[in-house]
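File shown: my_file36.pdb (PDB, C-alpha atoms).
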ATOM      1  CA  MET B 260     -56.014 -96.982 110.277
ATOM      2  CA  LYS B 261     -59.336 -97.993 108.757
ATOM      3  CA  GLN B 262     -61.424 -96.019 111.234
ATOM      4  CA  HIS B 263     -59.686 -92.678 110.602
ATOM      5  CA  THR B 264     -61.645 -91.188 107.743
ATOM      6  CA  ILE B 265     -60.147 -87.696 107.592
ATOM      7  CA  PRO B 266     -56.457 -88.697 107.146
ATOM      8  CA  ARG B 267     -57.409 -91.274 104.525
ATOM      9  CA  ILE B 268     -59.473 -88.870 102.428
ATOM     10  CA  ILE B 269     -56.927 -86.053 102.765
ATOM     11  CA  THR B 270     -54.112 -88.401 101.775
ATOM     12  CA  LYS B 271     -56.028 -89.633  98.727
ATOM     13  CA  LEU B 272     -56.548 -86.031  97.676
ATOM     14  CA  ILE B 273     -53.052 -84.757  98.389
ATOM     15  CA  VAL B 274     -50.699 -87.524  97.187
ATOM     16  CA  PRO B 275     -50.945 -86.773  93.416
ATOM     17  CA  PHE B 276     -50.180 -83.120  94.089
ATOM     18  CA  ILE B 277     -47.166 -84.046  96.213
ATOM     19  CA  LEU B 278     -45.786 -86.161  93.370
ATOM     20  CA  LEU B 279     -46.514 -83.375  90.865
ATOM     21  CA  PHE B 280     -44.774 -80.858  93.116
ATOM     22  CA  GLY B 281     -41.759 -83.157  93.319
ATOM     23  CA  LEU B 282     -41.586 -83.254  89.524
ATOM     24  CA  TYR B 283     -41.895 -79.439  89.418
ATOM     25  CA  VAL B 284     -38.965 -79.032  91.813
ATOM     26  CA  GLN B 285     -37.025 -81.556  89.725
ATOM     27  CA  PHE B 286     -37.482 -79.833  86.372
ATOM     28  CA  HIS B 287     -37.271 -76.228  87.575
ATOM     29  CA  GLY B 288     -34.254 -76.848  89.768
ATOM     30  CA  GLU B 289     -31.919 -74.600  87.820
ATOM     31  CA  ILE B 290     -34.393 -71.671  87.733
ATOM     32  CA  SER B 291     -35.875 -71.559  91.239
ATOM     33  CA  ALA B 292     -35.077 -73.155  94.581
ATOM     34  CA  GLY B 293     -34.606 -76.898  94.510
ATOM     35  CA  GLY B 294     -32.846 -79.528  92.466
ATOM     36  CA  GLY B 295     -32.498 -83.258  92.210
ATOM     37  CA  PHE B 296     -31.932 -84.007  95.884
ATOM     38  CA  GLN B 297     -34.922 -82.020  97.141
ATOM     39  CA  ALA B 298     -37.186 -83.393  94.421
ATOM     40  CA  GLY B 299     -36.221 -86.940  95.361
ATOM     41  CA  VAL B 300     -37.032 -86.309  99.010
ATOM     42  CA  ILE B 301     -40.428 -84.763  98.175
ATOM     43  CA  PHE B 302     -41.298 -87.638  95.820
ATOM     44  CA  ALA B 303     -40.323 -90.234  98.438
ATOM     45  CA  SER B 304     -42.277 -88.378 101.143
ATOM     46  CA  GLY B 305     -45.470 -88.704  99.116
ATOM     47  CA  PHE B 306     -44.846 -92.431  98.746
ATOM     48  CA  ILE B 307     -44.105 -92.813 102.465
ATOM     49  CA  LEU B 308     -47.266 -90.882 103.416
ATOM     50  CA  TYR B 309     -49.377 -93.248 101.303
ATOM     51  CA  ASN B 310     -47.678 -96.245 102.949
ATOM     52  CA  VAL B 311     -48.224 -94.920 106.466
ATOM     53  CA  ILE B 312     -51.930 -94.311 105.936
ATOM     54  CA  PHE B 313     -52.966 -97.327 103.864
ATOM     55  CA  GLY B 314     -50.930-100.041 105.576
ATOM     56  CA  ILE B 315     -47.216-100.374 106.175
ATOM     57  CA  ASN B 316     -46.464-102.902 103.451
ATOM     58  CA  VAL B 317     -48.783-101.722 100.663
ATOM     59  CA  GLY B 318     -45.952-100.058  98.764
ATOM     60  CA  GLU B 319     -43.909-103.211  98.385
ATOM     61  CA  LYS B 320     -46.418-104.530  95.850
ATOM     62  CA  ILE B 321     -45.556-101.659  93.510
ATOM     63  CA  LEU B 322     -41.893-101.201  94.425
ATOM     64  CA  PRO B 323     -40.276-104.374  95.810
ATOM     65  CA  ILE B 324     -36.951-104.018  97.590
ATOM     66  CA  GLY B 325     -34.902-105.576  94.792
ATOM     67  CA  LEU B 326     -36.466-103.300  92.170
ATOM     68  CA  THR B 327     -35.812-100.253  94.370
ATOM     69  CA  ILE B 328     -32.148-101.199  94.709
ATOM     70  CA  SER B 329     -31.945-101.593  90.914
ATOM     71  CA  ILE B 330     -33.503 -98.150  90.366
ATOM     72  CA  MET B 331     -31.039 -96.642  92.838
ATOM     73  CA  ALA B 332     -28.128 -98.192  90.949
ATOM     74  CA  PHE B 333     -29.595 -96.910  87.662
ATOM     75  CA  GLY B 334     -29.558 -93.331  88.975
ATOM     76  CA  ILE B 335     -25.886 -93.548  89.912
ATOM     77  CA  PHE B 336     -25.179 -95.160  86.531
ATOM     78  CA  LEU B 337     -26.889 -92.258  84.739
ATOM     79  CA  TYR B 338     -24.758 -89.732  86.631
ATOM     80  CA  ILE B 339     -21.481 -91.547  85.909
ATOM     81  CA  PHE B 340     -22.499 -92.164  82.274
ATOM     82  CA  VAL B 341     -23.074 -88.455  81.610
ATOM     83  CA  GLY B 342     -19.782 -87.704  83.343
ATOM     84  CA  LEU B 343     -17.845 -90.208  81.250
ATOM     85  CA  LEU B 344     -19.582 -89.018  78.066
ATOM     86  CA  GLY B 345     -17.701 -85.745  78.473
ATOM     87  CA  ILE B 346     -14.398 -87.630  78.539
ATOM     88  CA  LEU B 347     -15.394 -89.727  75.506
ATOM     89  CA  MET B 348     -16.158 -86.576  73.537
ATOM     90  CA  GLY B 349     -12.736 -85.166  74.271
ATOM     91  CA  GLY B 350     -13.338 -82.923  77.284
ATOM     92  CA  ASN B 351     -13.197 -83.196  81.064
ATOM     93  CA  TYR B 352     -15.335 -85.276  83.438
ATOM     94  CA  LEU B 353     -18.886 -83.826  83.580
ATOM     95  CA  ASP B 354     -18.092 -81.435  80.732
ATOM     96  CA  TYR B 355     -21.564 -80.345  79.613
ATOM     97  CA  ASN B 356     -20.474 -78.026  76.811
ATOM     98  CA  LEU B 357     -19.739 -80.829  74.349
ATOM     99  CA  LEU B 358     -23.006 -82.752  74.739
ATOM    100  CA  GLY B 359     -25.184 -80.650  72.421
ATOM    101  CA  GLU B 360     -24.774 -78.788  69.183
ATOM    102  CA  SER B 361     -24.181 -75.467  70.929
ATOM    103  CA  LYS B 362     -22.842 -74.762  74.399
ATOM    104  CA  VAL B 363     -26.220 -73.714  75.839
ATOM    105  CA  GLN B 364     -27.972 -76.812  74.507
ATOM    106  CA  GLY B 365     -25.225 -79.014  75.927
ATOM    107  CA  GLN B 366     -25.519 -77.357  79.332
ATOM    108  CA  ILE B 367     -29.306 -77.885  79.361
ATOM    109  CA  ILE B 368     -29.042 -81.561  78.372
ATOM    110  CA  GLY B 369     -26.230 -82.282  80.830
ATOM    111  CA  ILE B 370     -27.836 -80.578  83.820
ATOM    112  CA  PHE B 371     -31.185 -82.261  83.087
ATOM    113  CA  LEU B 372     -29.679 -85.773  82.918
ATOM    114  CA  VAL B 373     -27.407 -85.367  85.937
ATOM    115  CA  GLU B 374     -30.204 -83.932  88.097
ATOM    116  CA  LEU B 375     -32.491 -86.748  86.947
ATOM    117  CA  GLY B 376     -29.901 -89.281  88.132
ATOM    118  CA  VAL B 377     -29.552 -87.536  91.490
ATOM    119  CA  GLY B 378     -33.353 -87.381  91.941
ATOM    120  CA  ILE B 379     -33.907 -91.059  91.106
ATOM    121  CA  THR B 380     -31.127 -92.144  93.463
ATOM    122  CA  VAL B 381     -32.225 -89.996  96.397
ATOM    123  CA  SER B 382     -35.893 -90.937  96.151
ATOM    124  CA  SER B 383     -35.156 -94.676  96.042
ATOM    125  CA  VAL B 384     -32.672 -94.362  98.922
ATOM    126  CA  MET B 385     -35.332 -92.597 101.038
ATOM    127  CA  ILE B 386     -37.864 -95.339 100.249
ATOM    128  CA  LEU B 387     -35.260 -97.974 101.150
ATOM    129  CA  ILE B 388     -34.575 -96.268 104.497
ATOM    130  CA  TYR B 389     -38.322 -96.405 105.206
ATOM    131  CA  TYR B 390     -38.432-100.123 104.290
ATOM    132  CA  SER B 391     -35.440-100.871 106.501
ATOM    133  CA  PHE B 392     -37.156 -99.238 109.489
ATOM    134  CA  ASN B 393     -40.162-101.503 108.912
ATOM    135  CA  LYS B 394     -37.982-104.612 108.740
ATOM    136  CA  PHE B 395     -36.194-103.499 111.911
ATOM    137  CA  GLU B 396     -39.515-103.503 113.729
ATOM    138  CA  ASP B 397     -40.322-106.985 112.389
ATOM    139  CA  ASN B 398     -37.020-108.558 113.392
ATOM    140  CA  LYS B 399     -37.177-107.463 117.006
TER     141      LYS B 399
ATOM    142  CA  MET F  36     -46.337 -50.746 104.504
ATOM    143  CA  ILE F  37     -42.992 -52.071 105.659
ATOM    144  CA  ASN F  38     -43.896 -51.100 109.221
ATOM    145  CA  LEU F  39     -47.136 -53.083 109.067
ATOM    146  CA  ILE F  40     -45.314 -56.220 107.880
ATOM    147  CA  THR F  41     -42.681 -55.769 110.598
ATOM    148  CA  LEU F  42     -45.438 -55.493 113.200
ATOM    149  CA  ILE F  43     -47.076 -58.676 111.939
ATOM    150  CA  ILE F  44     -43.723 -60.493 112.072
ATOM    151  CA  ALA F  45     -43.198 -59.355 115.665
ATOM    152  CA  VAL F  46     -46.661 -60.560 116.683
ATOM    153  CA  LEU F  47     -46.033 -63.930 115.000
ATOM    154  CA  CYS F  48     -42.712 -64.282 116.850
ATOM    155  CA  LEU F  49     -44.542 -63.562 120.117
ATOM    156  CA  ALA F  50     -47.111 -66.253 119.268
ATOM    157  CA  ILE F  51     -44.308 -68.734 118.541
ATOM    158  CA  PHE F  52     -42.728 -67.855 121.900
ATOM    159  CA  ILE F  53     -46.019 -68.478 123.732
ATOM    160  CA  SER F  54     -46.384 -71.807 121.920
ATOM    161  CA  ILE F  55     -42.877 -72.836 122.989
ATOM    162  CA  ILE F  56     -43.730 -72.015 126.620
ATOM    163  CA  ARG F  57     -46.893 -74.126 126.338
ATOM    164  CA  PHE F  58     -44.812 -76.946 124.821
ATOM    165  CA  ILE F  59     -42.441 -76.902 127.807
ATOM    166  CA  THR F  60     -45.139 -76.746 130.478
ATOM    167  CA  ALA F  61     -47.443 -79.386 128.952
ATOM    168  CA  ASP F  62     -47.299 -82.885 130.423
ATOM    169  CA  ASP F  63     -49.679 -84.484 127.909
ATOM    170  CA  ILE F  64     -48.189 -85.865 124.678
ATOM    171  CA  TYR F  65     -51.130 -84.740 122.536
ATOM    172  CA  THR F  66     -50.819 -81.144 123.692
ATOM    173  CA  LYS F  67     -47.158 -81.250 122.727
ATOM    174  CA  ILE F  68     -47.974 -82.526 119.232
ATOM    175  CA  LEU F  69     -50.605 -79.796 118.898
ATOM    176  CA  THR F  70     -48.141 -77.071 119.904
ATOM    177  CA  VAL F  71     -45.548 -78.355 117.431
ATOM    178  CA  ASN F  72     -48.226 -78.131 114.749
ATOM    179  CA  LEU F  73     -49.042 -74.562 115.816
ATOM    180  CA  ILE F  74     -45.386 -73.521 115.656
ATOM    181  CA  GLY F  75     -45.098 -75.041 112.183
ATOM    182  CA  THR F  76     -48.125 -73.127 110.927
ATOM    183  CA  LYS F  77     -46.762 -69.832 112.242
ATOM    184  CA  ILE F  78     -43.363 -70.509 110.670
ATOM    185  CA  ILE F  79     -45.123 -71.033 107.314
ATOM    186  CA  LEU F  80     -46.747 -67.611 107.732
ATOM    187  CA  LEU F  81     -43.349 -66.093 108.601
ATOM    188  CA  VAL F  82     -41.768 -67.563 105.460
ATOM    189  CA  LEU F  83     -44.586 -66.186 103.309
ATOM    190  CA  LEU F  84     -44.209 -62.739 104.908
ATOM    191  CA  PHE F  85     -40.478 -62.734 104.224
ATOM    192  CA  GLY F  86     -41.307 -63.664 100.656
ATOM    193  CA  ALA F  87     -43.662 -60.682 100.487
ATOM    194  CA  LEU F  88     -40.932 -58.370 101.812
ATOM    195  CA  SER F  89     -38.403 -59.466  99.201
ATOM    196  CA  VAL F  90     -40.127 -59.972  95.881
ATOM    197  CA  LYS F  91     -38.667 -63.462  95.203
ATOM    198  CA  LYS F  92     -41.162 -66.177  94.281
ATOM    199  CA  ASP F  93     -39.079 -69.004  95.731
ATOM    200  CA  PHE F  94     -40.392 -68.484  99.254
ATOM    201  CA  THR F  95     -43.849 -69.767  98.282
ATOM    202  CA  ASP F  96     -42.328 -73.095  97.185
ATOM    203  CA  ILE F  97     -40.434 -73.341 100.456
ATOM    204  CA  ALA F  98     -43.609 -72.598 102.453
ATOM    205  CA  MET F  99     -45.489 -75.319 100.554
ATOM    206  CA  ILE F 100     -42.736 -77.855 101.271
ATOM    207  CA  TYR F 101     -42.777 -76.814 104.939
ATOM    208  CA  ALA F 102     -46.545 -77.358 105.159
ATOM    209  CA  LEU F 103     -46.191 -80.758 103.510
ATOM    210  CA  ILE F 104     -43.452 -81.947 105.873
ATOM    211  CA  ASN F 105     -45.433 -80.600 108.851
ATOM    212  CA  PHE F 106     -48.512 -82.617 107.825
ATOM    213  CA  ILE F 107     -46.570 -85.838 107.202
ATOM    214  CA  SER F 108     -44.590 -85.618 110.449
ATOM    215  CA  THR F 109     -47.756 -85.053 112.496
ATOM    216  CA  ILE F 110     -49.452 -88.067 110.893
ATOM    217  CA  VAL F 111     -46.422 -90.318 111.464
ATOM    218  CA  ILE F 112     -45.919 -89.272 115.099
ATOM    219  CA  LEU F 113     -49.620 -89.794 115.849
ATOM    220  CA  LYS F 114     -49.501 -93.253 114.262
ATOM    221  CA  TYR F 115     -46.451 -94.100 116.377
ATOM    222  CA  TYR F 116     -48.255 -93.163 119.593
ATOM    223  CA  GLU F 117     -51.413 -94.922 118.459
ATOM    224  CA  ASP F 118     -49.587 -98.265 118.430
ATOM    225  CA  LYS F 119     -48.027 -97.796 121.878
ATOM    226  CA  GLU F 120     -49.819 -99.467 124.753
ATOM    227  CA  GLU F 121     -49.363 -96.885 127.508
ATOM    228  CA  TYR F 122     -50.990 -94.075 125.499
ATOM    229  CA  LYS F 123     -54.205 -95.918 124.640
TER     230      LYS F 123
END

structure tokens encoding of this file:
Amino acid sequence: MKQHTIPRIITKLIVPFILLFGLYVQFHGEISAGGGFQAGVIFASGFILYNVIFGINVGEKILPIGLTISIMAFGIFLYIFVGLLGILMGGNYLDYNLLGESKVQGQIIGIFLVELGVGITVSSVMILIYYSFNKFEDNK
Amino acid sequence: MINLITLIIAVLCLAIFISIIRFITADDIYTKILTVNLIGTKIILLVLLFGALSVKKDFTDIAMIYALINFISTIVILKYYEDKEEYK
């Protein structure tokens, strides 16, 4: 795609804002529309757009497949860890009220961590789906 | 004021309908991609108008995400047809 100037320039301009918008949807999920899943998809879509324009395999230098799988597992681990922390503190699974000093603080901390886990997992799964489509084309 | 917004929504729906007819009757792949892009742009305008009718701010976020997905899907589909032999 070296001869297409307009998509390359537009992508260079727009990718940081896509990533910033993904972070906005992530951290304002409980106030406005959105949440961890949507933020992960938006974040991964910015990454995929950069890959499509600047060469199919340019993203694997930053995020190799093994590292992406590890990040995905870390997101699930974060979710389960926050859930089990409620049990360890004497409540139910995913009991946010006990995590902070007051109930409101505990709710904020719990929702933030759980949504962060969901966002990390979804974004790395989307990037892995994109990688697997590339490998499918290579194997044929 | 409500009547004006309703009129604009009706006109936009008519434009979407005309674009769908053009999508069905076109036999060129590039015209089809162009009409899909047109329909996406008009749907963004519809979402923003609905957001103006009800005072919620969330509709602007949804319209931005819609524009983003529209742009990325157009780029990816065009790249797919660029690599195919029979469309060169």

Best match for closeness to chain F among B:Leu375, B:Ile268, B:Ala292, B:Ile367, counting only C-alpha atoms: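 Looking at the shortest contact to chain F, the residue is B:Ala292.
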
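With the shown file loaded, the PyMOL selection byres ((chain B) within 8 of (chain F)) picks out B:Pro266, B:Ser291, B:Ala292, B:Ile301, B:Ser304, B:Leu308, B:Val311.
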
How many Å lie between atom CA of F:Asp63 and atom CA of F:Val46, rounded to one decimal?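 Computed distance, atom CA of F:Asp63 to atom CA of F:Val46, equals 26.6 Å.
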
Target residues per the PyMOL selection byres ((chain B and resi 294) around 10), formatted as a PyMOL selection string: chain B and resi 281-293+295-299+371+374-375+377-378

In Å and to one decimal, atom CA of F:Asn72 is distant from atom CA of B:Asn316 by 27.3 Å

List the neighbours of F:Leu84 out to 10 Å using only C-alpha atoms; skip same-chain residues closer than 2 positions along the sequence, and give me the result as a list in words.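 The neighbour list is Ile40, Thr41, Ile43, Ile44, Ile78, Ile79, Leu80, Leu81, Val82, Gly86, Ala87, Leu88, Ser89, Phe94 and Thr95 of chain F.
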
Take the PyMOL selection byres ((chain B and resi 271) around 12), run it mentally on this structure, and tell me the resulting residues as JSON, numbers by chain. {"B": [264, 265, 266, 267, 268, 269, 270, 272, 273, 274, 275, 276, 277, 305, 306, 308, 309, 310, 312, 313]}

Please measure the separation of atom CA of B:Ile386 and atom CA of B:Ile321, giving the value in Å to one decimal. 12.0 Å

Answer as a ChimeraX atom specification, residues within 12 Å of (-38.3, -71.6, 120.4) using only C-alpha atoms: /F:48-59,70-71,74-75,77-78

Each side padded by 4 Å, which centre and which edge lengths in Å (one decimal) define the axis-aligned box around the listed atoms of stretch 347-351 of chain B? Give them as lines of an AutoDock Vina configuration file.
center_x = -14.4
center_y = -86.3
center_z = 77.3
size_x = 11.4
size_y = 14.8
size_z = 15.5

Which one of B:Met331, B:Leu326, B:Val317, B:Val373 sits closest to B:Leu344 if you count only C-alpha atoms?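 Closest candidate: B:Val373.
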